[in-house]
Amino acid sequence: MKRLAIRAGLALLGMVITLAWWTFRPGNSHTQSLSQIPAKVWGGGSTLEVEVNSTTAATMRISFSQHDKPAGEQQTLETYEKIPAGPHSWTIDVPAHVGGYIELGADAPNSGDKLTMKIKSNGHVVNEQSEQLNGALQAGTAFFVQAFYGDYSNAKAESEENQE
């Protein structure tokens, strides 16, 4: 009986060590974060242009997720920039099979603040949005404009499909 208890204890200890190693081991992460929106992502190939205008300080976020690799091998890049009120634009060289979210969010908006965003893919306008905050922002809510594309290089076709 004593040997059985020792074997069970060693098996449990081995499982705890293995789970801890899987959880805490340093290794290659497929997710990166940047506090600046880059001009080129993973070799590029297609052009993504984003033009925004805000009447208040805001945060511009663009995510890039690779969709041409198996799950677990897909790279992800989360980017953001804190921007002052006014017009701003980015032109990003993005490879095919990479998509994600594009979001302009007001940091501390007041009633009457306005957010405007225009997105172009390979020179074609694929999205235009404009929102104005009418009234005070409720606690626990956000004021933003957002778009999603599964593949930025194919955003024109995705936009046309969504309009049908």
# chains A, B, ... in the order shown; residues from 1 in each chain; ligands from 1
call {"tool": "residues_around", "arguments": {"residues": "A:Asp113", "least_positions_apart": "6", "cutoff": "12 Å", "atoms": "only C-alpha atoms", "output": "CSV table (one decimal) with N, CA, C and O atoms, in the first residue's frame"}}
result
chain,number,residue,atom,x,y,z
A,53,ASN,N,-9.9,61.2,-38.3
A,53,ASN,CA,-9.9,62.6,-37.7
A,53,ASN,C,-10.8,62.5,-36.5
A,53,ASN,O,-11.8,61.8,-36.4
A,54,SER,N,-10.3,63.1,-35.4
A,54,SER,CA,-11.0,63.1,-34.1
A,54,SER,C,-10.9,64.4,-33.5
A,54,SER,O,-10.0,65.2,-33.6
A,55,THR,N,-12.0,64.8,-32.8
A,55,THR,CA,-12.1,66.1,-32.2
A,55,THR,C,-11.6,66.0,-30.7
A,55,THR,O,-11.6,67.0,-30.0
A,56,THR,N,-11.1,64.8,-30.3
A,56,THR,CA,-10.5,64.6,-29.0
A,56,THR,C,-9.4,63.7,-29.1
A,56,THR,O,-9.2,63.0,-30.1
A,57,ALA,N,-8.6,63.6,-28.0
A,57,ALA,CA,-7.5,62.6,-28.0
A,57,ALA,C,-8.0,61.2,-28.2
A,57,ALA,O,-9.1,60.9,-27.7
A,58,ALA,N,-7.3,60.4,-28.9
A,58,ALA,CA,-7.8,59.0,-29.2
A,58,ALA,C,-6.7,58.0,-29.2
A,58,ALA,O,-5.5,58.4,-29.2
A,85,ALA,N,-6.0,65.2,-30.9
A,85,ALA,CA,-7.1,65.5,-31.8
A,85,ALA,C,-6.6,66.0,-33.1
A,85,ALA,O,-5.5,66.6,-33.2
A,86,GLY,N,-7.4,65.8,-34.2
A,86,GLY,CA,-7.0,66.3,-35.5
A,86,GLY,C,-6.8,65.1,-36.5
A,86,GLY,O,-7.1,64.0,-36.1
A,105,GLY,N,-10.6,54.8,-31.2
A,105,GLY,CA,-11.4,55.0,-29.9
A,105,GLY,C,-11.0,56.3,-29.2
A,105,GLY,O,-9.9,56.5,-29.0
A,106,ALA,N,-12.0,57.0,-28.9
A,106,ALA,CA,-11.8,58.3,-28.1
A,106,ALA,C,-11.4,57.9,-26.7
A,106,ALA,O,-11.9,57.0,-26.1
A,107,ASP,N,-10.4,58.7,-26.2
A,107,ASP,CA,-9.8,58.4,-24.9
A,107,ASP,C,-10.7,58.9,-23.7
A,107,ASP,O,-11.0,58.2,-22.8
A,130,SER,N,-18.3,57.7,-39.7
A,130,SER,CA,-18.3,58.9,-38.9
A,130,SER,C,-19.3,58.8,-37.8
A,130,SER,O,-20.5,58.4,-38.1
A,131,GLU,N,-18.9,59.1,-36.6
A,131,GLU,CA,-19.8,59.0,-35.5
A,131,GLU,C,-19.6,60.2,-34.6
A,131,GLU,O,-18.5,60.7,-34.4
A,132,GLN,N,-20.8,60.7,-34.1
A,132,GLN,CA,-20.7,61.9,-33.2
A,132,GLN,C,-21.4,61.4,-31.9
A,132,GLN,O,-22.4,60.8,-31.8
A,133,LEU,N,-20.7,61.8,-30.8
A,133,LEU,CA,-21.3,61.5,-29.4
A,133,LEU,C,-22.3,62.5,-29.0
A,133,LEU,O,-22.0,63.7,-28.9
A,134,ASN,N,-23.5,62.1,-28.9
A,134,ASN,CA,-24.6,63.0,-28.5
A,134,ASN,C,-25.0,62.7,-27.1
A,134,ASN,O,-25.8,61.8,-26.8
A,135,GLY,N,-24.5,63.5,-26.2
A,135,GLY,CA,-24.7,63.3,-24.8
A,135,GLY,C,-23.5,62.7,-24.1
A,135,GLY,O,-22.5,62.3,-24.7
A,136,ALA,N,-23.6,62.7,-22.8
A,136,ALA,CA,-22.4,62.2,-22.0
A,136,ALA,C,-22.3,60.7,-22.2
A,136,ALA,O,-23.3,59.9,-22.3
A,137,LEU,N,-21.0,60.2,-22.2
A,137,LEU,CA,-20.7,58.8,-22.3
A,137,LEU,C,-21.1,58.1,-21.0
A,137,LEU,O,-20.6,58.5,-19.9
A,143,PHE,N,-16.6,55.0,-26.9
A,143,PHE,CA,-17.0,55.7,-28.1
A,143,PHE,C,-15.9,55.4,-29.1
A,143,PHE,O,-14.7,55.8,-28.9
A,144,PHE,N,-16.2,54.7,-30.2
A,144,PHE,CA,-15.2,54.3,-31.2
A,144,PHE,C,-15.9,54.0,-32.5
A,144,PHE,O,-17.1,53.8,-32.6
call {"tool": "residues_around", "arguments": {"residues": "A:Ser63", "least_positions_apart": "6", "cutoff": "12 Å", "atoms": "only C-alpha atoms", "output": "ChimeraX atom specification"}}
result
/A:31-38,41,75-81,92,94,98-104,146-152
call {"tool": "select_by_dssp", "arguments": {"residues": "stretch 4-154 of chain A", "states": "alpha helix (DSSP H)", "output": "number ranges by chain"}}
result
A: 4-24
call {"tool": "closest_residue", "arguments": {"among": "A:Ala108, A:Val126, A:Ile83, A:Ala71", "to": "A:Val50", "atoms": "only C-alpha atoms"}}
result
A:Val126
call {"tool": "select_by_dssp", "arguments": {"residues": "stretch 63-143 of chain A", "states": "strand (DSSP E)", "output": "mmCIF file with N, CA, C and O atoms, in the first residue's frame"}}
result
data_model
loop_
_atom_site.group_PDB
_atom_site.id
_atom_site.type_symbol
_atom_site.label_atom_id
_atom_site.label_comp_id
_atom_site.auth_asym_id
_atom_site.auth_seq_id
_atom_site.Cartn_x
_atom_site.Cartn_y
_atom_site.Cartn_z
ATOM 1 N N SER A 63 -4.825 45.647 -35.735
ATOM 2 C CA SER A 63 -4.278 44.318 -35.463
ATOM 3 C C SER A 63 -3.998 43.614 -36.784
ATOM 4 O O SER A 63 -4.660 43.862 -37.789
ATOM 5 N N PHE A 64 -2.994 42.753 -36.757
ATOM 6 C CA PHE A 64 -2.598 41.995 -37.937
ATOM 7 C C PHE A 64 -2.512 40.528 -37.531
ATOM 8 O O PHE A 64 -1.731 40.179 -36.642
ATOM 9 N N SER A 65 -3.322 39.679 -38.164
ATOM 10 C CA SER A 65 -3.329 38.247 -37.850
ATOM 11 C C SER A 65 -3.137 37.460 -39.131
ATOM 12 O O SER A 65 -3.863 37.654 -40.102
ATOM 13 N N GLN A 66 -2.177 36.557 -39.112
ATOM 14 C CA GLN A 66 -1.863 35.734 -40.270
ATOM 15 C C GLN A 66 -2.858 34.585 -40.355
ATOM 16 O O GLN A 66 -3.086 33.882 -39.375
ATOM 17 N N THR A 76 0.535 37.055 -34.816
ATOM 18 C CA THR A 76 -0.395 38.139 -34.522
ATOM 19 C C THR A 76 0.405 39.340 -34.044
ATOM 20 O O THR A 76 1.321 39.196 -33.234
ATOM 21 N N LEU A 77 0.042 40.504 -34.561
ATOM 22 C CA LEU A 77 0.687 41.750 -34.166
ATOM 23 C C LEU A 77 -0.402 42.735 -33.781
ATOM 24 O O LEU A 77 -1.269 43.056 -34.587
ATOM 25 N N GLU A 78 -0.377 43.166 -32.535
ATOM 26 C CA GLU A 78 -1.325 44.158 -32.027
ATOM 27 C C GLU A 78 -0.603 45.489 -31.959
ATOM 28 O O GLU A 78 0.417 45.594 -31.273
ATOM 29 N N THR A 79 -1.103 46.512 -32.677
ATOM 30 C CA THR A 79 -0.439 47.807 -32.682
ATOM 31 C C THR A 79 -1.411 48.889 -32.235
ATOM 32 O O THR A 79 -2.620 48.763 -32.421
ATOM 33 N N TYR A 80 -0.850 49.952 -31.656
ATOM 34 C CA TYR A 80 -1.688 51.080 -31.245
ATOM 35 C C TYR A 80 -0.830 52.332 -31.182
ATOM 36 O O TYR A 80 0.398 52.256 -31.045
ATOM 37 N N GLU A 81 -1.489 53.471 -31.315
ATOM 38 C CA GLU A 81 -0.833 54.761 -31.147
ATOM 39 C C GLU A 81 -1.797 55.695 -30.450
ATOM 40 O O GLU A 81 -2.960 55.783 -30.832
ATOM 41 N N LYS A 82 -1.316 56.377 -29.445
ATOM 42 C CA LYS A 82 -2.075 57.458 -28.809
ATOM 43 C C LYS A 82 -1.920 58.678 -29.710
ATOM 44 O O LYS A 82 -0.793 59.021 -30.095
ATOM 45 N N ILE A 83 -3.035 59.306 -30.076
ATOM 46 C CA ILE A 83 -2.961 60.441 -30.992
ATOM 47 C C ILE A 83 -3.728 61.638 -30.424
ATOM 48 O O ILE A 83 -4.754 61.474 -29.766
ATOM 49 N N GLY A 86 -7.367 65.798 -34.157
ATOM 50 C CA GLY A 86 -6.966 66.260 -35.482
ATOM 51 C C GLY A 86 -6.847 65.110 -36.456
ATOM 52 O O GLY A 86 -7.112 63.954 -36.127
ATOM 53 N N PRO A 87 -6.445 65.423 -37.692
ATOM 54 C CA PRO A 87 -6.321 64.388 -38.725
ATOM 55 C C PRO A 87 -5.000 63.629 -38.608
ATOM 56 O O PRO A 87 -3.973 64.200 -38.233
ATOM 57 N N HIS A 88 -5.040 62.337 -38.921
ATOM 58 C CA HIS A 88 -3.857 61.466 -38.910
ATOM 59 C C HIS A 88 -4.041 60.421 -39.994
ATOM 60 O O HIS A 88 -5.180 60.056 -40.330
ATOM 61 N N SER A 89 -2.932 59.900 -40.534
ATOM 62 C CA SER A 89 -3.035 58.847 -41.541
ATOM 63 C C SER A 89 -1.844 57.903 -41.453
ATOM 64 O O SER A 89 -0.769 58.285 -40.980
ATOM 65 N N TRP A 90 -2.073 56.686 -41.900
ATOM 66 C CA TRP A 90 -1.053 55.652 -41.934
ATOM 67 C C TRP A 90 -1.177 54.919 -43.265
ATOM 68 O O TRP A 90 -2.285 54.640 -43.732
ATOM 69 N N THR A 91 -0.038 54.587 -43.854
ATOM 70 C CA THR A 91 0.015 53.728 -45.032
ATOM 71 C C THR A 91 0.880 52.543 -44.636
ATOM 72 O O THR A 91 2.032 52.716 -44.225
ATOM 73 N N ILE A 92 0.302 51.348 -44.736
ATOM 74 C CA ILE A 92 0.964 50.147 -44.230
ATOM 75 C C ILE A 92 1.071 49.122 -45.355
ATOM 76 O O ILE A 92 0.081 48.827 -46.034
ATOM 77 N N ASP A 93 2.246 48.567 -45.535
ATOM 78 C CA ASP A 93 2.504 47.517 -46.510
ATOM 79 C C ASP A 93 2.236 46.184 -45.807
ATOM 80 O O ASP A 93 2.948 45.815 -44.866
ATOM 81 N N VAL A 94 1.181 45.482 -46.242
ATOM 82 C CA VAL A 94 0.704 44.281 -45.553
ATOM 83 C C VAL A 94 0.667 43.103 -46.526
ATOM 84 O O VAL A 94 0.169 43.247 -47.644
ATOM 85 N N VAL A 98 -3.445 38.315 -44.369
ATOM 86 C CA VAL A 98 -3.318 38.959 -43.067
ATOM 87 C C VAL A 98 -4.493 39.913 -42.913
ATOM 88 O O VAL A 98 -4.753 40.736 -43.787
ATOM 89 N N GLY A 99 -5.216 39.777 -41.825
ATOM 90 C CA GLY A 99 -6.371 40.634 -41.571
ATOM 91 C C GLY A 99 -6.422 41.014 -40.113
ATOM 92 O O GLY A 99 -5.501 40.716 -39.347
ATOM 93 N N GLY A 100 -7.519 41.668 -39.725
ATOM 94 C CA GLY A 100 -7.675 42.046 -38.330
ATOM 95 C C GLY A 100 -8.643 43.192 -38.152
ATOM 96 O O GLY A 100 -9.450 43.492 -39.029
ATOM 97 N N TYR A 101 -8.552 43.822 -37.002
ATOM 98 C CA TYR A 101 -9.424 44.933 -36.631
ATOM 99 C C TYR A 101 -8.701 46.265 -36.808
ATOM 100 O O TYR A 101 -7.508 46.370 -36.545
ATOM 101 N N ILE A 102 -9.458 47.261 -37.232
ATOM 102 C CA ILE A 102 -8.991 48.636 -37.315
ATOM 103 C C ILE A 102 -9.965 49.436 -36.465
ATOM 104 O O ILE A 102 -11.170 49.414 -36.717
ATOM 105 N N GLU A 103 -9.442 50.129 -35.442
ATOM 106 C CA GLU A 103 -10.336 50.814 -34.503
ATOM 107 C C GLU A 103 -9.760 52.151 -34.070
ATOM 108 O O GLU A 103 -8.588 52.248 -33.723
ATOM 109 N N LEU A 104 -10.605 53.169 -34.096
ATOM 110 C CA LEU A 104 -10.287 54.485 -33.553
ATOM 111 C C LEU A 104 -11.200 54.691 -32.356
ATOM 112 O O LEU A 104 -12.422 54.719 -32.505
ATOM 113 N N GLY A 105 -10.606 54.815 -31.166
ATOM 114 C CA GLY A 105 -11.394 54.978 -29.950
ATOM 115 C C GLY A 105 -11.029 56.252 -29.217
ATOM 116 O O GLY A 105 -9.850 56.533 -28.997
ATOM 117 N N ALA A 106 -12.036 57.030 -28.857
ATOM 118 C CA ALA A 106 -11.811 58.264 -28.108
ATOM 119 C C ALA A 106 -11.363 57.919 -26.689
ATOM 120 O O ALA A 106 -11.919 57.027 -26.064
ATOM 121 N N LYS A 114 -16.456 63.976 -32.243
ATOM 122 C CA LYS A 114 -16.703 63.255 -33.491
ATOM 123 C C LYS A 114 -15.473 62.431 -33.868
ATOM 124 O O LYS A 114 -14.333 62.891 -33.711
ATOM 125 N N LEU A 115 -15.714 61.215 -34.361
ATOM 126 C CA LEU A 115 -14.669 60.329 -34.872
ATOM 127 C C LEU A 115 -14.993 60.006 -36.331
ATOM 128 O O LEU A 115 -16.130 59.655 -36.653
ATOM 129 N N THR A 116 -13.987 60.111 -37.195
ATOM 130 C CA THR A 116 -14.159 59.798 -38.612
ATOM 131 C C THR A 116 -13.013 58.896 -39.043
ATOM 132 O O THR A 116 -11.858 59.119 -38.661
ATOM 133 N N MET A 117 -13.327 57.869 -39.856
ATOM 134 C CA MET A 117 -12.306 56.939 -40.324
ATOM 135 C C MET A 117 -12.594 56.545 -41.770
ATOM 136 O O MET A 117 -13.739 56.260 -42.120
ATOM 137 N N LYS A 118 -11.543 56.551 -42.590
ATOM 138 C CA LYS A 118 -11.630 56.082 -43.973
ATOM 139 C C LYS A 118 -10.535 55.049 -44.179
ATOM 140 O O LYS A 118 -9.382 55.272 -43.799
ATOM 141 N N ILE A 119 -10.900 53.906 -44.778
ATOM 142 C CA ILE A 119 -9.954 52.827 -45.008
ATOM 143 C C ILE A 119 -9.887 52.548 -46.502
ATOM 144 O O ILE A 119 -10.921 52.424 -47.168
ATOM 145 N N LYS A 120 -8.644 52.441 -47.006
ATOM 146 C CA LYS A 120 -8.420 52.083 -48.407
ATOM 147 C C LYS A 120 -7.567 50.825 -48.457
ATOM 148 O O LYS A 120 -6.625 50.674 -47.671
ATOM 149 N N SER A 121 -7.904 49.944 -49.380
ATOM 150 C CA SER A 121 -7.114 48.742 -49.629
ATOM 151 C C SER A 121 -6.678 48.778 -51.086
ATOM 152 O O SER A 121 -7.524 48.824 -51.981
ATOM 153 N N HIS A 124 -8.401 51.440 -53.185
ATOM 154 C CA HIS A 124 -9.867 51.449 -53.242
ATOM 155 C C HIS A 124 -10.449 51.733 -51.859
ATOM 156 O O HIS A 124 -10.075 51.068 -50.891
ATOM 157 N N VAL A 125 -11.358 52.689 -51.767
ATOM 158 C CA VAL A 125 -12.030 52.971 -50.503
ATOM 159 C C VAL A 125 -12.921 51.774 -50.170
ATOM 160 O O VAL A 125 -13.777 51.390 -50.966
ATOM 161 N N VAL A 126 -12.701 51.174 -49.002
ATOM 162 C CA VAL A 126 -13.474 49.997 -48.598
ATOM 163 C C VAL A 126 -14.354 50.270 -47.380
ATOM 164 O O VAL A 126 -15.235 49.467 -47.064
ATOM 165 N N ASN A 127 -14.113 51.406 -46.695
ATOM 166 C CA ASN A 127 -14.907 51.695 -45.511
ATOM 167 C C ASN A 127 -14.790 53.174 -45.184
ATOM 168 O O ASN A 127 -13.685 53.722 -45.208
ATOM 169 N N GLU A 128 -15.916 53.799 -44.876
ATOM 170 C CA GLU A 128 -15.945 55.168 -44.369
ATOM 171 C C GLU A 128 -16.964 55.216 -43.249
ATOM 172 O O GLU A 128 -18.090 54.771 -43.422
ATOM 173 N N GLN A 129 -16.538 55.738 -42.103
ATOM 174 C CA GLN A 129 -17.430 55.829 -40.949
ATOM 175 C C GLN A 129 -17.240 57.174 -40.269
ATOM 176 O O GLN A 129 -16.134 57.708 -40.229
ATOM 177 N N SER A 130 -18.329 57.678 -39.713
ATOM 178 C CA SER A 130 -18.274 58.897 -38.930
ATOM 179 C C SER A 130 -19.329 58.794 -37.834
ATOM 180 O O SER A 130 -20.478 58.448 -38.115
ATOM 181 N N GLU A 131 -18.916 59.053 -36.615
ATOM 182 C CA GLU A 131 -19.829 58.987 -35.474
ATOM 183 C C GLU A 131 -19.647 60.236 -34.620
ATOM 184 O O GLU A 131 -18.531 60.713 -34.439
ATOM 185 N N GLN A 132 -20.766 60.720 -34.073
ATOM 186 C CA GLN A 132 -20.716 61.863 -33.168
ATOM 187 C C GLN A 132 -21.365 61.448 -31.852
ATOM 188 O O GLN A 132 -22.411 60.798 -31.843
#
call {"tool": "residues_around", "arguments": {"residues": "A:Asp68", "least_positions_apart": "5", "cutoff": "9 Å", "atoms": "only C-alpha atoms", "output": "VMD selection string"}}
result
chain A and resid 74 96 to 98
